[in-house]
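Structure below is work_39.cif: mmCIF, C-alpha atoms.
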data_input
#
loop_
_atom_site.group_PDB
_atom_site.id
_atom_site.type_symbol
_atom_site.label_atom_id
_atom_site.label_comp_id
_atom_site.auth_asym_id
_atom_site.auth_seq_id
_atom_site.Cartn_x
_atom_site.Cartn_y
_atom_site.Cartn_z
ATOM 1 C CA MET A 661 -22.780 -11.946 3.718
ATOM 2 C CA ALA A 662 -20.630 -10.699 0.819
ATOM 3 C CA ARG A 663 -16.887 -10.460 1.271
ATOM 4 C CA ARG A 664 -15.740 -6.887 1.579
ATOM 5 C CA GLU A 665 -12.514 -5.962 -0.182
ATOM 6 C CA ARG A 666 -10.058 -3.561 1.382
ATOM 7 C CA SER A 667 -9.235 -0.219 -0.181
ATOM 8 C CA PHE A 668 -6.100 0.811 1.692
ATOM 9 C CA ILE A 669 -2.644 -0.633 2.266
ATOM 10 C CA TYR A 670 -0.818 -0.395 5.571
ATOM 11 C CA ALA A 671 2.796 -0.779 6.701
ATOM 12 C CA LYS A 672 2.092 -4.298 7.977
ATOM 13 C CA ASP A 673 0.892 -5.279 4.491
ATOM 14 C CA ILE A 674 4.024 -3.853 2.879
ATOM 15 C CA MET A 675 6.166 -5.784 5.364
ATOM 16 C CA LYS A 676 4.352 -8.982 4.367
ATOM 17 C CA ILE A 677 4.632 -8.303 0.616
ATOM 18 C CA THR A 678 8.284 -7.227 0.565
ATOM 19 C CA GLY A 679 9.719 -9.097 3.540
ATOM 20 C CA ARG A 680 11.339 -5.868 4.696
ATOM 21 C CA SER A 681 11.321 -4.031 8.028
ATOM 22 C CA LYS A 682 8.703 -1.754 9.567
ATOM 23 C CA THR A 683 11.028 1.217 9.035
ATOM 24 C CA TYR A 684 11.250 0.434 5.312
ATOM 25 C CA ALA A 685 7.464 0.059 5.059
ATOM 26 C CA TYR A 686 6.736 3.414 6.694
ATOM 27 C CA GLY A 687 9.388 5.106 4.548
ATOM 28 C CA LEU A 688 7.837 3.612 1.434
ATOM 29 C CA LEU A 689 4.380 4.845 2.438
ATOM 30 C CA LYS A 690 5.868 8.317 2.851
ATOM 31 C CA LYS A 691 7.434 8.150 -0.643
ATOM 32 C CA ILE A 692 4.142 7.017 -2.183
ATOM 33 C CA LYS A 693 2.270 9.855 -0.468
ATOM 34 C CA ALA A 694 4.799 12.373 -1.822
ATOM 35 C CA PHE A 695 4.568 10.836 -5.308
ATOM 36 C CA PHE A 696 0.773 11.218 -5.343
ATOM 37 C CA SER A 697 0.849 14.629 -3.563
ATOM 38 C CA LYS A 698 -1.068 13.353 -0.540
ATOM 39 C CA GLU A 699 -1.077 14.946 2.884
ATOM 40 C CA ASP A 700 0.159 13.088 5.971
ATOM 41 C CA HIS A 701 -3.339 12.270 7.218
ATOM 42 C CA GLN A 702 -4.413 10.686 3.915
ATOM 43 C CA LEU A 703 -4.186 6.933 3.379
ATOM 44 C CA VAL A 704 -2.551 5.113 0.465
ATOM 45 C CA THR A 705 -4.850 2.941 -1.622
ATOM 46 C CA ILE A 706 -3.927 -0.482 -2.900
ATOM 47 C CA ASP A 707 -4.249 0.864 -6.449
ATOM 48 C CA GLU A 708 -1.768 3.676 -5.725
ATOM 49 C CA TYR A 709 0.688 1.199 -4.224
ATOM 50 C CA ALA A 710 0.441 -1.025 -7.304
ATOM 51 C CA ARG A 711 0.791 1.892 -9.740
ATOM 52 C CA PHE A 712 3.811 3.243 -7.838
ATOM 53 C CA HIS A 713 5.573 -0.100 -8.240
ATOM 54 C CA GLY A 714 4.233 -0.851 -11.717
ATOM 55 C CA ILE A 715 2.657 -4.158 -10.735
ATOM 56 C CA PRO A 716 -0.911 -5.416 -11.222
ATOM 57 C CA VAL A 717 -3.389 -4.810 -8.405
ATOM 58 C CA GLU A 718 -4.326 -8.500 -8.530
ATOM 59 C CA LYS A 719 -0.753 -9.434 -7.578
ATOM 60 C CA VAL A 720 -0.921 -7.161 -4.506
ATOM 61 C CA MET A 721 -4.319 -8.581 -3.537
ATOM 62 C CA GLU A 722 -2.838 -12.097 -3.421
ATOM 63 C CA TYR A 723 -0.875 -11.055 -0.321
ATOM 64 C CA LEU A 724 -3.752 -9.354 1.489
#

Please lay out the structure from this file as structure tokens.
Amino acid sequence: MARRERSFIYAKDIMKITGRSKTYAYGLLKKIKAFFSKEDHQLVTIDEYARFHGIPVEKVMEYL
């Protein structure tokens, strides 16, 4: 069976990547959603997270 890659990033992932708190992670997700004009019910993709921070997607994927 082929390995399936994830498309979305969650607060728990951000906590793992940054070493910051859950409150920080949820606040950051909110900022990213505002930056990309997303509604509250829409999820943040790994690509959007990487573009927001100006880092390569591959670097983010190392932590997931």

Explicit residue set for the PyMOL selection byres ((chain A and resi 668) around 10), as a PyMOL selection string: chain A and resi 665-667+669-670+673+703-709

Find the residues near Tyr686 of chain A: any atom within 10 Å, counting only C-alpha atoms, skip ones fewer than 6 places away on the same chain, and give them as a ChimeraX atom specification. /A:670-672,674-675,692

Between A:Lys676, A:Phe712, A:Ser681, A:Leu724, which has the minimum distance to Lys693 of chain A (counting all atoms listed in the file)? A:Phe712

Using atom CA of Val720 of chain A and atom CA of Thr678 of chain A as the two end points, give the distance in Å to one decimal. 10.5 Å

Top pick for closest residue to Met721 of chain A, considering A:Phe696, A:Lys691, A:Ile677, A:His701 and counting all atoms listed in the file: A:Ile677

Which of these residues is nearest to Phe695 of chain A, using all atoms listed in the file: A:Pro716, A:Arg711, A:Gly679, A:Glu722?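 Using all atoms listed in the file, the shortest distance to Phe695 of chain A belongs to A:Arg711.
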
To one decimal place in Å, what is the distance between atom CA of Glu718 of chain A and atom CA of Thr683 of chain A?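 Distance reported for this atom pair: 25.3 Å.
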
What does the distance between atom CA of Arg680 of chain A and atom CA of Lys698 of chain A come to in Å, to one decimal place?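 We find that atom CA of Arg680 of chain A and atom CA of Lys698 of chain A lie 23.5 Å from each other.
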
Would you mind completing segment 690-707 of chain A so that it carries N, CA and C atoms, and writing it out as a PDB file, keeping the file's coordinate frame?
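In the end it all went to selection10.pdb:
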ATOM      1  N   LYS A 690       5.585   6.882   2.932  1.00  0.00           N
ATOM      2  CA  LYS A 690       5.868   8.317   2.851  1.00  0.00           C
ATOM      3  C   LYS A 690       6.243   8.716   1.420  1.00  0.00           C
ATOM      4  N   LYS A 691       7.051   7.882   0.747  1.00  0.00           N
ATOM      5  CA  LYS A 691       7.434   8.150  -0.643  1.00  0.00           C
ATOM      6  C   LYS A 691       6.225   8.110  -1.571  1.00  0.00           C
ATOM      7  N   ILE A 692       5.338   7.147  -1.347  1.00  0.00           N
ATOM      8  CA  ILE A 692       4.142   7.017  -2.183  1.00  0.00           C
ATOM      9  C   ILE A 692       3.234   8.225  -1.985  1.00  0.00           C
ATOM     10  N   LYS A 693       3.089   8.674  -0.739  1.00  0.00           N
ATOM     11  CA  LYS A 693       2.270   9.855  -0.468  1.00  0.00           C
ATOM     12  C   LYS A 693       2.847  11.084  -1.164  1.00  0.00           C
ATOM     13  N   ALA A 694       4.158  11.240  -1.146  1.00  0.00           N
ATOM     14  CA  ALA A 694       4.799  12.373  -1.822  1.00  0.00           C
ATOM     15  C   ALA A 694       4.591  12.268  -3.338  1.00  0.00           C
ATOM     16  N   PHE A 695       4.724  11.063  -3.873  1.00  0.00           N
ATOM     17  CA  PHE A 695       4.568  10.836  -5.308  1.00  0.00           C
ATOM     18  C   PHE A 695       3.166  11.220  -5.780  1.00  0.00           C
ATOM     19  N   PHE A 696       2.152  10.919  -4.991  1.00  0.00           N
ATOM     20  CA  PHE A 696       0.773  11.218  -5.343  1.00  0.00           C
ATOM     21  C   PHE A 696       0.273  12.521  -4.716  1.00  0.00           C
ATOM     22  N   SER A 697       1.170  13.327  -4.169  1.00  0.00           N
ATOM     23  CA  SER A 697       0.849  14.629  -3.563  1.00  0.00           C
ATOM     24  C   SER A 697      -0.248  14.525  -2.506  1.00  0.00           C
ATOM     25  N   LYS A 698      -0.098  13.543  -1.620  1.00  0.00           N
ATOM     26  CA  LYS A 698      -1.068  13.353  -0.540  1.00  0.00           C
ATOM     27  C   LYS A 698      -0.542  14.007   0.732  1.00  0.00           C
ATOM     28  N   GLU A 699      -1.455  14.389   1.592  1.00  0.00           N
ATOM     29  CA  GLU A 699      -1.077  14.946   2.884  1.00  0.00           C
ATOM     30  C   GLU A 699      -0.848  13.807   3.872  1.00  0.00           C
ATOM     31  N   ASP A 700      -0.199  14.113   4.982  1.00  0.00           N
ATOM     32  CA  ASP A 700       0.159  13.088   5.971  1.00  0.00           C
ATOM     33  C   ASP A 700      -1.035  12.295   6.499  1.00  0.00           C
ATOM     34  N   HIS A 701      -2.179  12.947   6.642  1.00  0.00           N
ATOM     35  CA  HIS A 701      -3.339  12.270   7.218  1.00  0.00           C
ATOM     36  C   HIS A 701      -4.082  11.382   6.209  1.00  0.00           C
ATOM     37  N   GLN A 702      -3.733  11.473   4.936  1.00  0.00           N
ATOM     38  CA  GLN A 702      -4.413  10.686   3.915  1.00  0.00           C
ATOM     39  C   GLN A 702      -3.794   9.302   3.785  1.00  0.00           C
ATOM     40  N   LEU A 703      -4.633   8.313   3.502  1.00  0.00           N
ATOM     41  CA  LEU A 703      -4.186   6.933   3.379  1.00  0.00           C
ATOM     42  C   LEU A 703      -3.805   6.608   1.939  1.00  0.00           C
ATOM     43  N   VAL A 704      -2.975   5.584   1.780  1.00  0.00           N
ATOM     44  CA  VAL A 704      -2.551   5.113   0.465  1.00  0.00           C
ATOM     45  C   VAL A 704      -3.446   3.949   0.061  1.00  0.00           C
ATOM     46  N   THR A 705      -3.993   4.022  -1.149  1.00  0.00           N
ATOM     47  CA  THR A 705      -4.850   2.941  -1.622  1.00  0.00           C
ATOM     48  C   THR A 705      -3.994   1.817  -2.210  1.00  0.00           C
ATOM     49  N   ILE A 706      -4.608   0.666  -2.314  1.00  0.00           N
ATOM     50  CA  ILE A 706      -3.927  -0.482  -2.900  1.00  0.00           C
ATOM     51  C   ILE A 706      -3.589  -0.190  -4.357  1.00  0.00           C
ATOM     52  N   ASP A 707      -4.490   0.497  -5.059  1.00  0.00           N
ATOM     53  CA  ASP A 707      -4.249   0.864  -6.449  1.00  0.00           C
ATOM     54  C   ASP A 707      -3.039   1.789  -6.586  1.00  0.00           C
TER      55      ASP A 707
END
